[in-house]
Amino acid sequence: MDSKRELVRNTTINLIRFSKKYERIEKQPIRVTDELSISTRDAHTIQLIGDKESTNVTSVASHFGITRSGASQLVSKLESSDYIEKTPSPHNDKEVDIKLTKLGWTAYEAHKKAHGGDFDHIVESLSKYSLQQLSILSVMLESLDEIMDERLRLR
């Protein structure tokens with residue numbers, strides 16, 4: 001590499017390539033039953049809901065870095081497919097709590113079986129780096145996240 005600018009450019013290209021691959025992975029189906037599959041994206045939403053005792057649309061939006069409207073669409077899709085159910089929140093008249101149904105728990109377990117080792121594999125792969133290197137990566141990703149938030153606000 002000839003310069004810092006070129007290194008930043010190549011790193012940006014690698015991040016874009018990574019994000020495109022991740023986008024493709026999110027669309028891949030996960031078999032829930034012999035007759036039923038869901039997208040990995042839907043499975044990640046189900047995982048979030050199953051991992052929390054109680055959650056709502058706002059926390060789904062915050063977790064995935066999407067708008068509340070986008071999260072509401074995800075939740076409505078999962079509700080119409082009987083993966084989740086909404087109940088009035090005891091803490092806020094304007095919110096609803098979201099919980100998994102029996103089918104939702106089946107999907108949760110299917111996702112765990114299909115991708116259970118993925119997170120462990122990522123942790124294992126990144127563990128070879130020093131704490132300092134991981135800290136730098138974390139700060140850089142936070143900066144990029146802020147840039148993406150700014151871009152989304154401009155549209």
# chains A, B, ... in the order shown; residues from 1 in each chain; ligands from 1

call {"tool": "residues_around", "arguments": {"residues": "segment 49-61 of chain A", "least_positions_apart": "4", "cutoff": "8 Å", "atoms": "only C-alpha atoms", "output": "JSON list (two decimals) with C-alpha atoms, in the first residue's frame"}}
result
[["chain", "number", "residue", "atom", "x", "y", "z"],
["A", 45, "THR", "CA", -35.56, -11.24, 14.91],
["A", 65, "GLY", "CA", -30.28, -0.21, 13.73],
["A", 66, "ILE", "CA", -33.47, 0.22, 11.72],
["A", 67, "THR", "CA", -36.39, 2.62, 11.98],
["A", 68, "ARG", "CA", -39.28, 1.92, 14.29],
["A", 70, "GLY", "CA", -39.13, -1.01, 9.70],
["A", 71, "ALA", "CA", -39.15, -2.94, 12.96],
["A", 72, "SER", "CA", -42.93, -2.71, 13.09],
["A", 75, "VAL", "CA", -42.89, -7.73, 13.78],
["A", 95, "GLU", "CA", -46.35, -0.05, 23.44],
["A", 96, "VAL", "CA", -46.98, -3.75, 23.09],
["A", 97, "ASP", "CA", -44.84, -6.58, 24.40],
["A", 98, "ILE", "CA", -43.72, -9.18, 21.89],
["A", 99, "LYS", "CA", -43.33, -12.85, 22.76],
["A", 100, "LEU", "CA", -42.73, -16.03, 20.79],
["A", 105, "TRP", "CA", -39.97, -21.29, 19.70],
["A", 108, "TYR", "CA", -35.87, -20.24, 17.47]]

call {"tool": "select_by_dssp", "arguments": {"residues": "segment 36-141 of chain A", "states": "helix (DSSP H, G or I)", "output": "VMD selection string"}}
result
chain A and resid 40 to 51 57 to 64 68 to 80 102 to 126 131 to 141

call {"tool": "closest_residue", "arguments": {"among": "A:Asp145, A:Ser89, A:Leu15, A:Glu150", "to": "Phe64 of chain A", "atoms": "only C-alpha atoms"}}
result
A:Asp145

call {"tool": "residues_around", "arguments": {"residues": "Ile30 of chain A", "least_positions_apart": "6", "cutoff": "7 Å", "atoms": "only C-alpha atoms", "output": "ChimeraX atom specification"}}
result
/A:37-40,111

call {"tool": "write_last_selection", "arguments": {"atoms": "N, CA and C atoms", "output": "PDB file, in the first residue's frame"}}
result
ATOM      1  N   SER A  37     -40.157 -22.740   6.016  1.00  0.00           N
ATOM      2  CA  SER A  37     -38.839 -22.112   6.149  1.00  0.00           C
ATOM      3  C   SER A  37     -39.026 -20.633   6.431  1.00  0.00           C
ATOM      4  N   ILE A  38     -37.994 -20.032   7.027  1.00  0.00           N
ATOM      5  CA  ILE A  38     -37.981 -18.587   7.242  1.00  0.00           C
ATOM      6  C   ILE A  38     -36.623 -18.056   6.805  1.00  0.00           C
ATOM      7  N   SER A  39     -36.561 -16.762   6.568  1.00  0.00           N
ATOM      8  CA  SER A  39     -35.273 -16.157   6.213  1.00  0.00           C
ATOM      9  C   SER A  39     -34.401 -16.047   7.463  1.00  0.00           C
ATOM     10  N   THR A  40     -33.118 -15.958   7.239  1.00  0.00           N
ATOM     11  CA  THR A  40     -32.196 -15.779   8.360  1.00  0.00           C
ATOM     12  C   THR A  40     -32.510 -14.472   9.081  1.00  0.00           C
ATOM     13  N   HIS A 111     -33.181 -22.164  14.184  1.00  0.00           N
ATOM     14  CA  HIS A 111     -32.095 -21.209  13.928  1.00  0.00           C
ATOM     15  C   HIS A 111     -30.870 -21.562  14.767  1.00  0.00           C
TER      16      HIS A 111
END

call {"tool": "residues_around", "arguments": {"residues": "Gly116 of chain A", "least_positions_apart": "6", "cutoff": "12 Å", "atoms": "only C-alpha atoms", "output": "list in words"}}
result
Ala43, His44, Gln47, Tyr108, Glu109, Ala110 and Ile122 of chain A

call {"tool": "write_last_selection", "arguments": {"atoms": "N, CA and C atoms", "output": "short mmCIF file (atom, residue, chain, number, x, y, z; two decimals), in the first residue's frame"}}
result
data_model
loop_
_atom_site.label_atom_id
_atom_site.label_comp_id
_atom_site.auth_asym_id
_atom_site.auth_seq_id
_atom_site.Cartn_x
_atom_site.Cartn_y
_atom_site.Cartn_z
N ALA A 43 -35.26 -15.09 11.32
CA ALA A 43 -34.77 -15.93 12.42
C ALA A 43 -33.98 -15.09 13.43
N HIS A 44 -33.24 -14.10 12.97
CA HIS A 44 -32.50 -13.24 13.89
C HIS A 44 -33.45 -12.40 14.74
N GLN A 47 -34.78 -14.74 17.26
CA GLN A 47 -33.75 -14.99 18.27
C GLN A 47 -33.72 -13.84 19.29
N TYR A 108 -37.01 -20.63 16.65
CA TYR A 108 -35.87 -20.24 17.47
C TYR A 108 -34.88 -21.41 17.57
N GLU A 109 -35.40 -22.59 17.86
CA GLU A 109 -34.55 -23.79 17.98
C GLU A 109 -33.95 -24.19 16.64
N ALA A 110 -34.73 -24.02 15.56
CA ALA A 110 -34.22 -24.35 14.22
C ALA A 110 -33.04 -23.43 13.86
N ILE A 122 -17.01 -17.09 15.01
CA ILE A 122 -16.56 -15.70 14.88
C ILE A 122 -15.72 -15.32 16.10
#

call {"tool": "atom_distance", "arguments": {"atom1": "atom CA of Glu23 of chain A", "atom2": "atom CA of Arg41 of chain A"}}
result
9.0 Å

call {"tool": "select_by_dssp", "arguments": {"residues": "segment 8-149 of chain A", "states": "strand (DSSP E)", "output": "MDAnalysis selection string"}}
result
chainID A and resid 29:31 37:39 84:88 96:100

call {"tool": "write_last_selection", "arguments": {"atoms": "N, CA and C atoms", "output": "compact mmCIF listing (two decimals), in the first residue's frame"}}
result
# COMPACT_ATOMS: atom_id res chain seq x y z
N PRO A 29 -32.76 -19.20 3.50
CA PRO A 29 -33.82 -19.81 4.31
C PRO A 29 -33.27 -20.76 5.38
N ILE A 30 -34.02 -20.84 6.46
CA ILE A 30 -33.77 -21.81 7.54
C ILE A 30 -35.02 -22.65 7.66
N ARG A 31 -34.87 -23.95 7.57
CA ARG A 31 -36.01 -24.86 7.65
C ARG A 31 -36.49 -24.93 9.10
N SER A 37 -40.16 -22.74 6.02
CA SER A 37 -38.84 -22.11 6.15
C SER A 37 -39.03 -20.63 6.43
N ILE A 38 -37.99 -20.03 7.03
CA ILE A 38 -37.98 -18.59 7.24
C ILE A 38 -36.62 -18.06 6.80
N SER A 39 -36.56 -16.76 6.57
CA SER A 39 -35.27 -16.16 6.21
C SER A 39 -34.40 -16.05 7.46
N ILE A 84 -44.93 -14.92 16.45
CA ILE A 84 -44.95 -14.10 17.66
C ILE A 84 -46.37 -13.67 17.97
N GLU A 85 -46.54 -13.19 19.19
CA GLU A 85 -47.81 -12.59 19.57
C GLU A 85 -47.53 -11.30 20.32
N LYS A 86 -48.45 -10.37 20.17
CA LYS A 86 -48.33 -9.09 20.85
C LYS A 86 -49.32 -9.06 22.01
N THR A 87 -48.89 -8.47 23.10
CA THR A 87 -49.78 -8.25 24.24
C THR A 87 -49.58 -6.82 24.73
N PRO A 88 -50.62 -6.20 25.28
CA PRO A 88 -50.45 -4.83 25.78
C PRO A 88 -49.35 -4.77 26.84
N VAL A 96 -46.54 -2.38 22.90
CA VAL A 96 -46.98 -3.75 23.09
C VAL A 96 -45.74 -4.60 23.37
N ASP A 97 -45.91 -5.62 24.18
CA ASP A 97 -44.84 -6.58 24.40
C ASP A 97 -44.93 -7.64 23.33
N ILE A 98 -43.79 -8.17 22.94
CA ILE A 98 -43.72 -9.18 21.89
C ILE A 98 -43.13 -10.44 22.49
N LYS A 99 -43.81 -11.56 22.26
CA LYS A 99 -43.33 -12.85 22.76
C LYS A 99 -43.47 -13.90 21.67
N LEU A 100 -42.66 -14.95 21.77
CA LEU A 100 -42.73 -16.03 20.79
C LEU A 100 -43.92 -16.95 21.08

call {"tool": "atom_distance", "arguments": {"atom1": "atom CA of Val139 of chain A", "atom2": "atom CA of Glu26 of chain A"}}
result
24.8 Å

call {"tool": "residues_around", "arguments": {"residues": "Met140 of chain A", "least_positions_apart": "5", "cutoff": "12 Å", "atoms": "only C-alpha atoms", "output": "count of residues only"}}
result
10

call {"tool": "atom_distance", "arguments": {"atom1": "atom CA of Ala114 of chain A", "atom2": "atom CA of Lys77 of chain A"}}
result
21.6 Å

call {"tool": "closest_residue", "arguments": {"among": "A:Thr106, A:Ser138, A:Asn10, A:Ser69", "to": "Val32 of chain A", "atoms": "only C-alpha atoms"}}
result
A:Thr106
